[in-house]
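Peer 1: My structure is stored as run-v5.cif, with mmCIF, C-alpha atoms and all ligand atoms.
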```
data_target
loop_
_atom_site.label_atom_id
_atom_site.label_comp_id
_atom_site.auth_asym_id
_atom_site.auth_seq_id
_atom_site.Cartn_x
_atom_site.Cartn_y
_atom_site.Cartn_z
CA MET A 1 0.00 0.00 0.00
CA ARG A 2 1.28 3.47 -0.85
CA ILE A 3 1.54 6.04 1.95
CA LYS A 4 1.70 9.30 0.06
CA SER A 5 -0.34 8.38 -2.99
CA SER A 6 -4.09 8.14 -2.81
CA MET A 7 -7.32 8.23 -4.67
CA GLU A 8 -9.58 10.56 -2.80
CA VAL A 9 -13.27 10.00 -3.46
CA ASN A 10 -15.38 13.02 -2.66
CA VAL A 11 -18.89 11.80 -1.97
CA SER A 12 -20.29 15.35 -1.87
CA THR A 13 -19.35 15.58 -5.53
CA LEU A 14 -21.18 12.31 -6.13
CA ALA A 15 -24.19 13.94 -4.49
CA GLN A 16 -23.83 16.98 -6.75
CA ASN A 17 -23.57 14.75 -9.83
CA TYR A 18 -26.72 12.93 -8.76
CA GLN A 19 -28.47 16.27 -8.31
CA LEU A 20 -27.42 17.24 -11.85
CA LEU A 21 -28.69 13.89 -13.13
CA LYS A 22 -32.04 14.52 -11.44
CA GLU A 23 -32.23 17.89 -13.16
CA ILE A 24 -31.89 16.12 -16.53
CA CYS A 25 -34.37 13.39 -15.70
CA PRO A 26 -36.52 14.40 -12.73
CA ASN A 27 -39.15 11.76 -13.46
CA ASN A 28 -36.92 8.72 -13.75
CA GLU A 29 -35.77 6.35 -11.06
CA THR A 30 -32.04 5.68 -11.15
CA LEU A 31 -30.52 2.25 -11.45
CA PHE A 32 -26.96 3.15 -10.50
CA MET A 33 -24.33 0.99 -12.20
CA VAL A 34 -21.70 0.03 -9.66
CA LYS A 35 -20.08 -2.93 -11.35
CA ALA A 36 -16.28 -3.38 -11.35
CA ASN A 37 -15.95 -2.01 -7.83
CA ALA A 38 -18.12 1.02 -8.59
CA TYR A 39 -16.02 1.78 -11.66
CA GLY A 40 -12.92 1.56 -9.48
CA HIS A 41 -14.21 3.90 -6.76
CA GLY A 42 -15.01 1.28 -4.10
CA LEU A 43 -18.24 -0.73 -4.26
CA VAL A 44 -19.40 -0.73 -0.65
CA PRO A 45 -18.67 2.89 0.36
CA VAL A 46 -20.15 4.20 -2.89
CA VAL A 47 -23.33 2.15 -2.55
CA LYS A 48 -23.67 2.97 1.16
CA PHE A 49 -23.51 6.66 0.39
CA ALA A 50 -25.80 6.39 -2.64
CA TYR A 51 -28.39 4.40 -0.69
CA TYR A 52 -28.34 6.07 2.73
CA GLU A 53 -27.56 9.65 1.70
CA LEU A 54 -28.94 9.95 -1.82
CA GLY A 55 -31.84 7.54 -1.52
CA ILE A 56 -30.91 5.52 -4.62
CA LYS A 57 -32.61 2.15 -4.36
CA GLU A 58 -31.41 0.12 -7.33
CA PHE A 59 -27.88 -0.94 -8.19
CA GLY A 60 -26.36 -2.77 -11.15
CA CYS A 61 -23.51 -5.26 -10.82
CA ALA A 62 -21.91 -7.51 -13.41
CA SER A 63 -21.31 -10.60 -11.29
CA ILE A 64 -23.00 -12.53 -8.50
CA GLY A 65 -19.96 -11.95 -6.30
CA GLU A 66 -20.33 -8.18 -6.53
CA ALA A 67 -24.04 -8.35 -5.77
CA LEU A 68 -23.60 -10.75 -2.87
CA ARG A 69 -20.95 -8.52 -1.37
CA LEU A 70 -23.49 -5.71 -1.26
CA ARG A 71 -26.01 -7.93 0.50
CA GLU A 72 -23.41 -9.15 3.00
CA GLU A 73 -21.81 -5.81 3.76
CA ILE A 74 -25.01 -3.76 3.77
CA PRO A 75 -27.36 -6.33 5.32
CA ASN A 76 -30.08 -3.82 6.21
CA GLY A 77 -30.14 -2.20 2.79
CA GLU A 78 -33.58 -2.47 1.28
CA PHE A 79 -32.41 -1.89 -2.25
CA GLU A 80 -32.58 -3.93 -5.44
CA VAL A 81 -29.44 -5.47 -6.89
CA TYR A 82 -29.26 -6.67 -10.47
CA VAL A 83 -26.62 -8.96 -12.00
CA PHE A 84 -26.19 -7.96 -15.61
CA SER A 85 -23.78 -10.26 -17.41
CA ASP A 86 -22.08 -13.09 -15.52
CA VAL A 87 -25.42 -14.58 -14.51
CA ASN A 88 -24.62 -18.35 -14.26
CA LEU A 89 -28.25 -19.18 -13.65
CA ASP A 90 -27.72 -22.84 -14.50
CA LEU A 91 -25.53 -23.39 -11.42
CA GLN A 92 -27.62 -24.46 -8.44
CA GLU A 93 -25.23 -22.58 -6.17
CA ALA A 94 -25.85 -19.39 -8.12
CA ALA A 95 -29.61 -19.95 -8.24
CA ASP A 96 -29.60 -20.29 -4.45
CA ILE A 97 -27.72 -17.03 -4.06
CA TYR A 98 -30.27 -15.17 -6.19
CA LEU A 99 -33.18 -16.68 -4.31
CA ASN A 100 -31.81 -16.31 -0.80
CA ASN A 101 -30.57 -12.77 -1.25
CA ARG A 102 -33.15 -11.31 -3.61
CA ILE A 103 -30.55 -10.56 -6.22
CA ILE A 104 -32.16 -10.17 -9.63
CA PRO A 105 -30.52 -11.89 -12.59
CA VAL A 106 -30.94 -10.00 -15.84
CA ILE A 107 -32.21 -12.68 -18.22
CA SER A 108 -30.59 -12.14 -21.60
CA ASN A 109 -30.93 -15.42 -23.43
CA GLU A 110 -33.47 -18.15 -24.12
CA THR A 111 -31.74 -20.82 -22.03
CA ASN A 112 -31.83 -18.63 -18.95
CA LEU A 113 -35.42 -17.60 -19.67
CA GLU A 114 -36.56 -21.25 -19.87
CA PHE A 115 -34.58 -22.12 -16.74
CA PHE A 116 -35.93 -19.18 -14.77
CA LEU A 117 -39.55 -19.74 -15.72
CA SER A 118 -39.59 -23.48 -15.35
CA HIS A 119 -38.05 -23.57 -11.88
CA GLU A 120 -40.70 -23.49 -9.20
CA GLU A 121 -38.37 -21.63 -6.77
CA PHE A 122 -38.34 -18.63 -9.10
CA ARG A 123 -42.13 -18.61 -9.47
CA TYR A 124 -42.63 -15.35 -7.54
CA PHE A 125 -39.23 -13.88 -8.35
CA PRO A 126 -39.01 -10.67 -10.43
CA LEU A 127 -38.51 -11.35 -14.12
CA CYS A 128 -36.00 -8.93 -15.62
CA LEU A 129 -35.58 -9.32 -19.37
CA LYS A 130 -32.99 -7.79 -21.66
CA PHE A 131 -33.49 -7.71 -25.42
CA ASN A 132 -30.94 -7.27 -28.16
CA THR A 133 -32.22 -4.33 -30.17
CA GLY A 134 -29.00 -4.07 -32.16
CA MET A 135 -25.98 -4.13 -29.90
CA ASN A 136 -25.40 -7.80 -30.66
CA ARG A 137 -23.85 -8.63 -27.35
CA LEU A 138 -26.32 -10.04 -24.82
CA GLY A 139 -30.08 -10.00 -25.13
CA ILE A 140 -32.96 -11.99 -26.56
CA LYS A 141 -33.14 -11.41 -30.30
CA MET A 142 -35.79 -9.22 -31.92
CA ASP A 143 -37.10 -12.10 -34.03
CA ARG A 144 -37.73 -14.07 -30.82
CA ILE A 145 -40.09 -11.58 -29.19
CA ASP A 146 -43.07 -13.78 -29.91
CA TYR A 147 -41.27 -16.82 -28.52
CA ALA A 148 -40.48 -14.87 -25.32
CA ILE A 149 -44.07 -13.71 -24.96
CA GLN A 150 -45.46 -17.24 -25.45
CA THR A 151 -42.91 -18.71 -23.02
CA ILE A 152 -43.79 -16.15 -20.36
CA LYS A 153 -47.50 -16.87 -20.82
CA LYS A 154 -47.01 -20.64 -20.94
CA HIS A 155 -45.48 -20.46 -17.49
CA GLY A 156 -48.43 -18.53 -16.12
CA ARG A 157 -46.80 -15.14 -15.80
CA SER A 158 -48.60 -11.97 -16.76
CA SER A 159 -45.89 -9.37 -16.26
CA ILE A 160 -42.25 -8.41 -16.75
CA TYR A 161 -40.72 -6.71 -13.74
CA HIS A 162 -38.06 -4.80 -15.68
CA LEU A 163 -37.63 -4.71 -19.44
CA MET A 164 -34.32 -3.45 -20.80
CA THR A 165 -32.10 -3.00 -23.78
CA HIS A 166 -28.67 -1.41 -24.16
CA PHE A 167 -27.30 0.96 -26.81
CA SER A 168 -24.14 0.04 -28.67
CA SER A 169 -23.29 3.60 -29.68
CA SER A 170 -24.56 6.10 -27.13
CA SER A 171 -21.11 7.72 -27.06
CA LEU A 172 -22.00 8.96 -30.57
CA SER A 173 -24.96 11.03 -31.71
CA MET A 174 -28.29 9.62 -30.50
CA GLN A 175 -30.11 11.66 -33.15
CA LYS A 176 -28.01 10.89 -36.21
CA ASN A 177 -26.15 7.64 -35.72
CA LYS A 178 -27.94 4.93 -37.73
CA ARG A 179 -27.36 2.19 -35.18
CA ASN A 180 -28.92 4.32 -32.45
CA LEU A 181 -31.91 5.14 -34.64
CA THR A 182 -32.41 1.45 -35.43
CA GLN A 183 -32.17 0.50 -31.79
CA LYS A 184 -34.72 3.14 -30.81
CA GLU A 185 -37.12 1.83 -33.47
CA ASN A 186 -36.59 -1.77 -32.37
CA TRP A 187 -37.24 -0.82 -28.76
CA LYS A 188 -40.52 0.81 -29.74
CA GLU A 189 -41.51 -2.29 -31.67
CA LEU A 190 -40.53 -4.55 -28.76
CA LYS A 191 -42.63 -2.61 -26.28
CA SER A 192 -45.55 -2.42 -28.63
CA GLN A 193 -45.57 -6.22 -29.17
CA ILE A 194 -45.31 -6.92 -25.46
CA ASN A 195 -48.02 -4.40 -24.60
CA SER A 196 -50.41 -5.80 -27.19
CA SER A 197 -49.81 -9.33 -25.89
CA GLY A 198 -51.37 -8.29 -22.60
CA ILE A 199 -48.15 -8.79 -20.63
CA GLU A 200 -47.65 -5.91 -18.24
CA ILE A 201 -44.29 -4.10 -18.04
CA HIS A 202 -43.66 -2.75 -14.55
CA LYS A 203 -40.35 -1.00 -15.15
CA SER A 204 -38.33 -0.27 -18.25
CA SER A 205 -34.96 1.26 -19.07
CA ILE A 206 -32.90 1.93 -22.15
CA ALA A 207 -30.60 4.87 -21.33
CA ASN A 208 -27.04 4.65 -20.02
CA SER A 209 -24.88 7.76 -19.59
CA GLY A 210 -24.39 8.60 -23.26
CA ALA A 211 -28.14 8.49 -23.93
CA ILE A 212 -29.04 10.35 -20.72
CA GLU A 213 -26.55 13.11 -21.57
CA GLN A 214 -28.38 13.50 -24.87
CA LYS A 215 -31.77 13.30 -23.15
CA VAL A 216 -32.77 10.10 -24.88
CA GLY A 217 -34.70 7.27 -23.25
CA LEU A 218 -36.13 9.44 -20.51
CA GLU A 219 -39.72 8.39 -21.19
CA GLU A 220 -38.98 5.03 -19.53
CA SER A 221 -39.44 4.51 -15.78
CA HIS A 222 -35.68 4.14 -15.16
CA VAL A 223 -32.29 5.31 -16.37
CA ARG A 224 -29.19 3.17 -15.88
CA ALA A 225 -26.50 5.71 -15.08
CA GLY A 226 -22.91 4.57 -14.71
CA LEU A 227 -19.94 6.65 -15.82
CA MET A 228 -21.58 10.07 -15.55
CA MET A 229 -22.19 9.60 -11.83
CA TYR A 230 -18.43 9.34 -11.35
CA GLY A 231 -17.93 12.56 -13.29
CA PRO A 232 -16.88 12.14 -16.90
CA SER A 233 -19.06 12.44 -19.94
CA SER A 234 -19.38 9.20 -21.81
CA LEU A 235 -19.49 10.86 -25.23
CA LEU A 236 -16.44 10.66 -27.45
CA PRO A 237 -14.57 13.99 -27.40
CA GLN A 238 -15.69 14.92 -30.93
CA TYR A 239 -19.34 14.62 -29.80
CA ASN A 240 -18.92 16.58 -26.56
CA LYS A 241 -21.11 19.42 -27.71
CA LEU A 242 -24.09 17.06 -27.90
CA SER A 243 -23.84 16.39 -24.19
CA CYS A 244 -25.61 18.44 -21.55
CA TRP A 245 -23.55 16.82 -18.79
CA LYS A 246 -21.85 19.19 -16.32
CA GLY A 247 -20.77 16.62 -13.74
CA LYS A 248 -17.39 16.73 -12.01
CA LEU A 249 -14.91 13.97 -11.27
CA ILE A 250 -15.65 12.55 -7.85
CA SER A 251 -12.06 11.37 -7.51
CA LYS A 252 -8.68 13.00 -7.06
CA LEU A 253 -5.56 10.96 -7.77
CA GLU A 254 -2.46 12.29 -6.13
CA THR A 255 1.06 11.16 -5.48
CA THR A 256 4.46 12.67 -4.72
CA PHE A 257 7.68 13.29 -6.52
CA ILE A 258 10.44 11.01 -5.30
CA ASP A 259 13.26 12.59 -7.31
CA SER A 260 14.01 15.23 -9.92
CA PHE A 261 16.89 16.35 -12.09
CA GLN A 262 17.77 18.60 -15.02
CA VAL A 263 18.13 17.09 -18.48
CA ASP A 264 19.38 18.20 -21.86
CA ARG A 265 17.53 17.54 -25.06
CA GLY A 266 18.26 13.90 -25.96
CA THR A 267 19.16 12.73 -22.43
CA PRO A 268 18.08 9.07 -22.28
CA ILE A 269 15.42 8.36 -19.65
CA GLY A 270 14.61 5.09 -17.84
CA TYR A 271 13.87 1.69 -19.38
CA GLY A 272 14.43 1.74 -23.10
CA ALA A 273 16.57 4.89 -22.70
CA THR A 274 14.03 7.08 -24.48
CA PRO A 275 15.68 10.41 -25.43
CA CYS A 276 14.09 13.49 -23.84
CA PRO A 277 12.39 15.62 -26.51
CA SER A 278 13.74 18.82 -24.95
CA ALA A 279 15.80 20.18 -22.10
CA GLY A 280 14.14 20.90 -18.78
CA THR A 281 13.32 19.41 -15.39
CA VAL A 282 12.35 15.77 -15.01
CA GLY A 283 10.31 14.76 -11.98
CA VAL A 284 10.03 11.10 -11.01
CA PHE A 285 6.70 10.37 -9.32
CA ALA A 286 5.50 7.39 -7.35
CA LEU A 287 2.93 5.83 -9.66
CA GLY A 288 3.50 3.10 -12.21
CA TYR A 289 1.57 0.40 -13.95
CA GLY A 290 1.63 -1.55 -10.66
CA ASP A 291 -0.77 1.16 -9.46
CA GLY A 292 -2.77 1.18 -12.68
CA PHE A 293 -0.86 4.09 -14.24
CA SER A 294 -0.54 2.43 -17.63
CA THR A 295 2.44 2.33 -19.99
CA ARG A 296 -0.03 3.77 -22.51
CA TYR A 297 0.20 7.10 -20.68
CA GLN A 298 3.71 7.72 -22.06
CA ASN A 299 3.76 11.13 -23.83
CA VAL A 300 0.52 12.31 -22.18
CA HIS A 301 0.52 15.97 -21.08
CA LEU A 302 -0.22 16.64 -17.42
CA ASN A 303 -0.28 19.97 -15.64
CA HIS A 304 1.48 20.48 -12.33
CA GLY A 305 0.22 23.81 -11.05
CA GLU A 306 1.00 26.33 -13.79
CA TYR A 307 3.56 24.05 -15.45
CA GLU A 308 2.68 21.78 -18.33
CA GLY A 309 4.60 18.53 -18.32
CA GLN A 310 4.75 15.46 -20.48
CA ILE A 311 5.27 11.86 -19.41
CA VAL A 312 8.62 10.86 -20.85
CA GLY A 313 10.14 7.42 -21.21
CA ARG A 314 8.36 4.19 -20.45
CA VAL A 315 6.10 4.13 -17.41
CA ASN A 316 7.64 1.64 -14.95
CA MET A 317 5.94 -0.72 -12.55
CA ASP A 318 6.39 1.64 -9.59
CA MET A 319 7.14 5.10 -10.97
CA ALA A 320 7.00 7.31 -14.01
CA GLN A 321 8.86 10.39 -15.27
CA ILE A 322 7.43 13.72 -16.29
CA LEU A 323 9.39 16.37 -18.18
CA PHE A 324 8.71 20.07 -17.67
CA PRO A 325 10.39 21.41 -20.79
CA ASN A 326 12.61 24.47 -20.99
CA THR A 327 12.38 25.36 -17.35
CA ASN A 328 14.57 25.38 -14.28
CA LEU A 329 11.61 24.37 -12.16
CA THR A 330 12.78 23.00 -8.83
CA ILE A 331 10.85 20.02 -7.60
CA LYS A 332 11.35 19.02 -3.98
CA ASN A 333 11.40 15.37 -3.00
CA GLY A 334 8.06 14.65 -1.42
CA GLU A 335 6.30 17.46 -3.31
CA ARG A 336 2.64 16.65 -4.05
CA PHE A 337 1.64 15.87 -7.61
CA VAL A 338 -2.06 15.89 -8.38
CA VAL A 339 -2.50 13.61 -11.37
CA TRP A 340 -6.16 14.48 -11.71
CA ASP A 341 -8.82 16.25 -9.73
CA GLN A 342 -12.26 17.81 -10.19
CA ASN A 343 -10.89 20.21 -12.75
CA GLY A 344 -10.76 17.24 -15.10
CA GLN A 345 -8.18 18.59 -17.57
CA ASN A 346 -5.41 16.12 -16.73
CA PHE A 347 -7.91 13.25 -16.66
CA SER A 348 -9.21 14.24 -20.05
CA ASN A 349 -5.64 14.48 -21.42
CA ILE A 350 -4.94 10.95 -20.20
CA CYS A 351 -8.04 9.58 -21.93
CA VAL A 352 -7.65 11.48 -25.17
CA GLU A 353 -3.88 11.32 -25.65
CA SER A 354 -3.52 7.67 -24.65
CA LYS A 355 -6.67 6.76 -26.60
CA THR A 356 -8.13 5.16 -23.50
CA ILE A 357 -11.72 5.43 -22.36
CA PRO A 358 -12.45 7.00 -18.93
CA TYR A 359 -14.01 3.72 -17.75
CA GLU A 360 -10.67 1.96 -18.22
CA VAL A 361 -8.55 4.68 -16.63
CA PHE A 362 -10.60 4.43 -13.41
CA ILE A 363 -10.79 0.68 -13.36
CA HIS A 364 -7.06 0.22 -13.92
CA LEU A 365 -6.23 1.70 -10.52
CA THR A 366 -5.02 -1.05 -8.23
CA GLU A 367 -5.32 -1.67 -4.51
CA ARG A 368 -1.83 -0.32 -3.91
CA ILE A 369 -3.40 3.13 -4.02
CA PRO A 370 -5.46 3.65 -0.88
CA LYS A 371 -8.89 5.15 -1.30
CA ILE A 372 -9.89 7.96 1.02
CA TYR A 373 -13.54 8.99 1.28
CA ARG A 374 -14.31 12.64 1.94
CA GLN A 375 -17.50 14.57 2.34
C1 LIG A 401 -26.55 -2.93 -19.48
C2 LIG A 401 -25.86 -1.70 -19.01
N1 LIG A 401 -26.58 -0.63 -18.65
C3 LIG A 401 -26.00 0.52 -18.22
C4 LIG A 401 -24.63 0.64 -18.15
C5 LIG A 401 -24.03 1.94 -17.71
O1 LIG A 401 -23.32 2.50 -18.76
P1 LIG A 401 -22.57 3.91 -18.58
O2 LIG A 401 -21.46 3.67 -17.63
O3 LIG A 401 -22.09 4.22 -19.94
O4 LIG A 401 -23.57 4.84 -18.06
C6 LIG A 401 -23.84 -0.45 -18.52
C7 LIG A 401 -22.39 -0.32 -18.43
O5 LIG A 401 -21.60 -0.98 -18.99
C8 LIG A 401 -24.46 -1.64 -18.96
O6 LIG A 401 -23.75 -2.71 -19.34
#
```
Let me see whether you can do it: turn the structure in this file into structure tokens.
Ligand SMILES: Cc1ncc(COP(=O)(O)O)c(C=O)c1O

Peer 2:
Amino acid sequence: MRIKSSMEVNVSTLAQNYQLLKEICPNNETLFMVKANAYGHGLVPVVKFAYYELGIKEFGCASIGEALRLREEIPNGEFEVYVFSDVNLDLQEAADIYLNNRIIPVISNETNLEFFLSHEEFRYFPLCLKFNTGMNRLGIKMDRIDYAIQTIKKHGRSSIYHLMTHFSSSSLSMQKNKRNLTQKENWKELKSQINSSGIEIHKSSIANSGAIEQKVGLEESHVRAGLMMYGPSSLLPQYNKLSCWKGKLISKLETTFIDSFQVDRGTPIGYGATPCPSAGTVGVFALGYGDGFSTRYQNVHLNHGEYEGQIVGRVNMDMAQILFPNTNLTIKNGERFVVWDQNGQNFSNICVESKTIPYEVFIHLTERIPKIYRQ
């Protein structure tokens, strides 16, 4: 565990982001996506805050393990937990976990649908169904809507607890992108067929961050917000102007400099002896790929106060080097270096210049960096 490096998670900023989300969609319930350790921010503390302080009552995980952890660590929480992808419904052990902990599996294929409906234990359990309207990942296919309806009826059910689909391209334009338009049409068709079959839909959701930011899918009962709650927009940079999102990063990643020295243009630096692109001051800071600071961040520009630096040389397992060009900047050993904070500029540089998505930058961070929760 690092001592002087940390990821500070500011839960008041999470509250502000949620407030902003509510301004965009005041009439929707939020299913807050907290898979992958709440996008790297810490599953249990994030959910505790979201449930007890913000009143969010539905959470989305990817695996049974994540969902069960919520039930075990927040035993009095009267919230819903969904498992979205790694459902494993065919395993008796998994089926027992769903049943005994009221964890809702998102049913996304015919095998799971048959299993769920034909097992007596699940008779009164909420049926959550995901359809593939065009993402072609998980989901019951559009040409199997009738089959799904007949199967639901055959097993004596008259309602779907939560009906869902997921966009493949909500980081692009929701109004112009053809795939998004097709998916919206397919969703309409899906709902219309289910409604006219007499099967009742209790809850429905279609929008993740990219769609919410473009105010699409808000006529459903729920939105499934993930990334935006942690701060960043989920739209690709070239589509930023289509987003109404004004959220702030809820995290601050900081470390310290452990050494510094002056270099000339061409001075070889670290593994691979990469020549420095210009003269200046090099600071060595205590984050490397062992902390989740990826080798892909080489050459990324990061500001340190008023100085603009650039990661030079290969990022190591435990440290990385940043060059402040053409300056005699003095860096003290132990001086703080804020890699990113609410301001978001450095974070955005990392994503854009290393061609990495914000989701991955967060999730890369390893346990060696302690998380500190602040109001
Ligand atoms: C089915 C589903 N819904 C919602 C989300 C949330 O997406 P985002 O983080 O882009 O808001 C995800 C995330 O991967 C998802 O898989």

Peer 1: My list of candidates is A:Ile269, A:Met135, A:Val338, A:Ala225. Which is closest to A:Tyr18 when distances are computed with all atoms listed in the file?

Peer 2: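 Comparing A:Ile269, A:Met135, A:Val338, A:Ala225 against A:Tyr18, the winner is A:Ala225.
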
Peer 1: Listing only residues of chain A within 7 Å of ligand LIG 401 (chain A), what is the closest atom pair and its distance in Å (to one decimal) for each, using all atoms listed in the file, sorted by chain and residue number ascending, as JSON lines?

Peer 2:
```
{"residue": "A:Met33", "atom": "CA", "partner": "A:LIG401", "partner_atom": "C5", "distance": 5.6}
{"residue": "A:Phe84", "atom": "CA", "partner": "A:LIG401", "partner_atom": "C1", "distance": 6.4}
{"residue": "A:His166", "atom": "CA", "partner": "A:LIG401", "partner_atom": "C1", "distance": 5.4}
{"residue": "A:Asn208", "atom": "CA", "partner": "A:LIG401", "partner_atom": "O4", "distance": 4.0}
{"residue": "A:Ser209", "atom": "CA", "partner": "A:LIG401", "partner_atom": "O4", "distance": 3.5}
{"residue": "A:Gly210", "atom": "CA", "partner": "A:LIG401", "partner_atom": "O3", "distance": 6.0}
{"residue": "A:Arg224", "atom": "CA", "partner": "A:LIG401", "partner_atom": "C3", "distance": 4.8}
{"residue": "A:Ala225", "atom": "CA", "partner": "A:LIG401", "partner_atom": "O4", "distance": 4.3}
{"residue": "A:Gly226", "atom": "CA", "partner": "A:LIG401", "partner_atom": "O2", "distance": 3.4}
{"residue": "A:Leu227", "atom": "CA", "partner": "A:LIG401", "partner_atom": "O2", "distance": 3.8}
{"residue": "A:Met228", "atom": "CA", "partner": "A:LIG401", "partner_atom": "O4", "distance": 6.1}
{"residue": "A:Ser234", "atom": "CA", "partner": "A:LIG401", "partner_atom": "O3", "distance": 6.0}
```

Peer 1: Report the centre and edge lengths, in Å to one decimal, of an axis-aligned box enclosing every atom of stretch 164-179 of chain A listed in the file, padded by 5 Å on each side, as AutoDock Vina command-line options.

Peer 2:
```
--center_x -27.7 --center_y 4.1 --center_z -29.3 --size_x 23.2 --size_y 25.1 --size_z 26.9
```

Peer 1: When you look at A:Phe131 with a cut-off of 6 Å (counting only C-alpha atoms), what residues show up, excluding the ones that are within fewer than 2 positions of it in the same chain? I need them as a PyMOL selection string.

Peer 2: chain A and resi 133+139-140+165

Peer 1: Find the distance between atom CA of A:Pro105 and atom CA of A:Thr30 and write it in Å to one decimal.

Peer 2: 17.7 Å

Peer 1: List as a ChimeraX atom specification the protein and nucleic acid residues near stretch 70-82 of chain A, meaning an atom at most 12 Å away when all atoms listed in the file are counted, but skip any in the same chain fewer than 5 places from it.

Peer 2: /A:30-35,37-38,42-52,55-65,87,97-98,100-107,126-130,161-162,164,224

Peer 1: Restrict the selected residues to C-alpha atoms and save them as a short mmCIF file (atom, residue, chain, number, x, y, z; two decimals), in the frame of the given file.

Peer 2:
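Result saved to part-v9.cif:
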```
data_model
loop_
_atom_site.label_atom_id
_atom_site.label_comp_id
_atom_site.auth_asym_id
_atom_site.auth_seq_id
_atom_site.Cartn_x
_atom_site.Cartn_y
_atom_site.Cartn_z
CA THR A 30 -32.04 5.68 -11.15
CA LEU A 31 -30.52 2.25 -11.45
CA PHE A 32 -26.96 3.15 -10.50
CA MET A 33 -24.33 0.99 -12.20
CA VAL A 34 -21.70 0.03 -9.66
CA LYS A 35 -20.08 -2.93 -11.35
CA ASN A 37 -15.95 -2.01 -7.83
CA ALA A 38 -18.12 1.02 -8.59
CA GLY A 42 -15.01 1.28 -4.10
CA LEU A 43 -18.24 -0.73 -4.26
CA VAL A 44 -19.40 -0.73 -0.65
CA PRO A 45 -18.67 2.89 0.36
CA VAL A 46 -20.15 4.20 -2.89
CA VAL A 47 -23.33 2.15 -2.55
CA LYS A 48 -23.67 2.97 1.16
CA PHE A 49 -23.51 6.66 0.39
CA ALA A 50 -25.80 6.39 -2.64
CA TYR A 51 -28.39 4.40 -0.69
CA TYR A 52 -28.34 6.07 2.73
CA GLY A 55 -31.84 7.54 -1.52
CA ILE A 56 -30.91 5.52 -4.62
CA LYS A 57 -32.61 2.15 -4.36
CA GLU A 58 -31.41 0.12 -7.33
CA PHE A 59 -27.88 -0.94 -8.19
CA GLY A 60 -26.36 -2.77 -11.15
CA CYS A 61 -23.51 -5.26 -10.82
CA ALA A 62 -21.91 -7.51 -13.41
CA SER A 63 -21.31 -10.60 -11.29
CA ILE A 64 -23.00 -12.53 -8.50
CA GLY A 65 -19.96 -11.95 -6.30
CA VAL A 87 -25.42 -14.58 -14.51
CA ILE A 97 -27.72 -17.03 -4.06
CA TYR A 98 -30.27 -15.17 -6.19
CA ASN A 100 -31.81 -16.31 -0.80
CA ASN A 101 -30.57 -12.77 -1.25
CA ARG A 102 -33.15 -11.31 -3.61
CA ILE A 103 -30.55 -10.56 -6.22
CA ILE A 104 -32.16 -10.17 -9.63
CA PRO A 105 -30.52 -11.89 -12.59
CA VAL A 106 -30.94 -10.00 -15.84
CA ILE A 107 -32.21 -12.68 -18.22
CA PRO A 126 -39.01 -10.67 -10.43
CA LEU A 127 -38.51 -11.35 -14.12
CA CYS A 128 -36.00 -8.93 -15.62
CA LEU A 129 -35.58 -9.32 -19.37
CA LYS A 130 -32.99 -7.79 -21.66
CA TYR A 161 -40.72 -6.71 -13.74
CA HIS A 162 -38.06 -4.80 -15.68
CA MET A 164 -34.32 -3.45 -20.80
CA ARG A 224 -29.19 3.17 -15.88
#
```

Peer 1: Return the single residue from A:Thr366, A:Thr327, A:Ser278, A:Gly292 that is closest to A:Glu306, with distances computed using all atoms listed in the file.

Peer 2: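 Going through A:Thr366, A:Thr327, A:Ser278, A:Gly292 one by one, the smallest distance to A:Glu306 is for A:Thr327.
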
Peer 1: Between A:Gln150, A:Ser233, A:Thr274, A:Thr356, which residue has the minimum interatomic distance to A:Val315, considering only C-alpha atoms?

Peer 2: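 Residue with the minimum atom-to-atom distance to A:Val315: A:Thr274.
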
Peer 1: Here is a test: counting only C-alpha atoms, which residue of A:Thr13, A:Ser260, A:Asn109, A:Ser5 is nearest to A:Gln375?

Peer 2: A:Thr13

Peer 1: Can you tell me which residues surround stretch 241-253 of chain A at a distance of at most 7 Å, considering only C-alpha atoms, apart from same-chain residues fewer than 6 positions away, and format the answer as a short mmCIF file (atom, residue, chain, number, x, y, z; two decimals) with C-alpha atoms, in the frame of the given file?

Peer 2:
```cif
data_model
loop_
_atom_site.label_atom_id
_atom_site.label_comp_id
_atom_site.auth_asym_id
_atom_site.auth_seq_id
_atom_site.Cartn_x
_atom_site.Cartn_y
_atom_site.Cartn_z
CA SER A 6 -4.09 8.14 -2.81
CA MET A 7 -7.32 8.23 -4.67
CA GLU A 8 -9.58 10.56 -2.80
CA VAL A 9 -13.27 10.00 -3.46
CA ASN A 10 -15.38 13.02 -2.66
CA VAL A 11 -18.89 11.80 -1.97
CA THR A 13 -19.35 15.58 -5.53
CA LEU A 14 -21.18 12.31 -6.13
CA ASN A 17 -23.57 14.75 -9.83
CA LEU A 20 -27.42 17.24 -11.85
CA GLU A 213 -26.55 13.11 -21.57
CA GLN A 214 -28.38 13.50 -24.87
CA MET A 228 -21.58 10.07 -15.55
CA TYR A 230 -18.43 9.34 -11.35
CA GLY A 231 -17.93 12.56 -13.29
CA PRO A 232 -16.88 12.14 -16.90
CA SER A 233 -19.06 12.44 -19.94
CA VAL A 338 -2.06 15.89 -8.38
CA VAL A 339 -2.50 13.61 -11.37
CA TRP A 340 -6.16 14.48 -11.71
CA ASP A 341 -8.82 16.25 -9.73
CA GLN A 342 -12.26 17.81 -10.19
CA GLY A 344 -10.76 17.24 -15.10
#
```
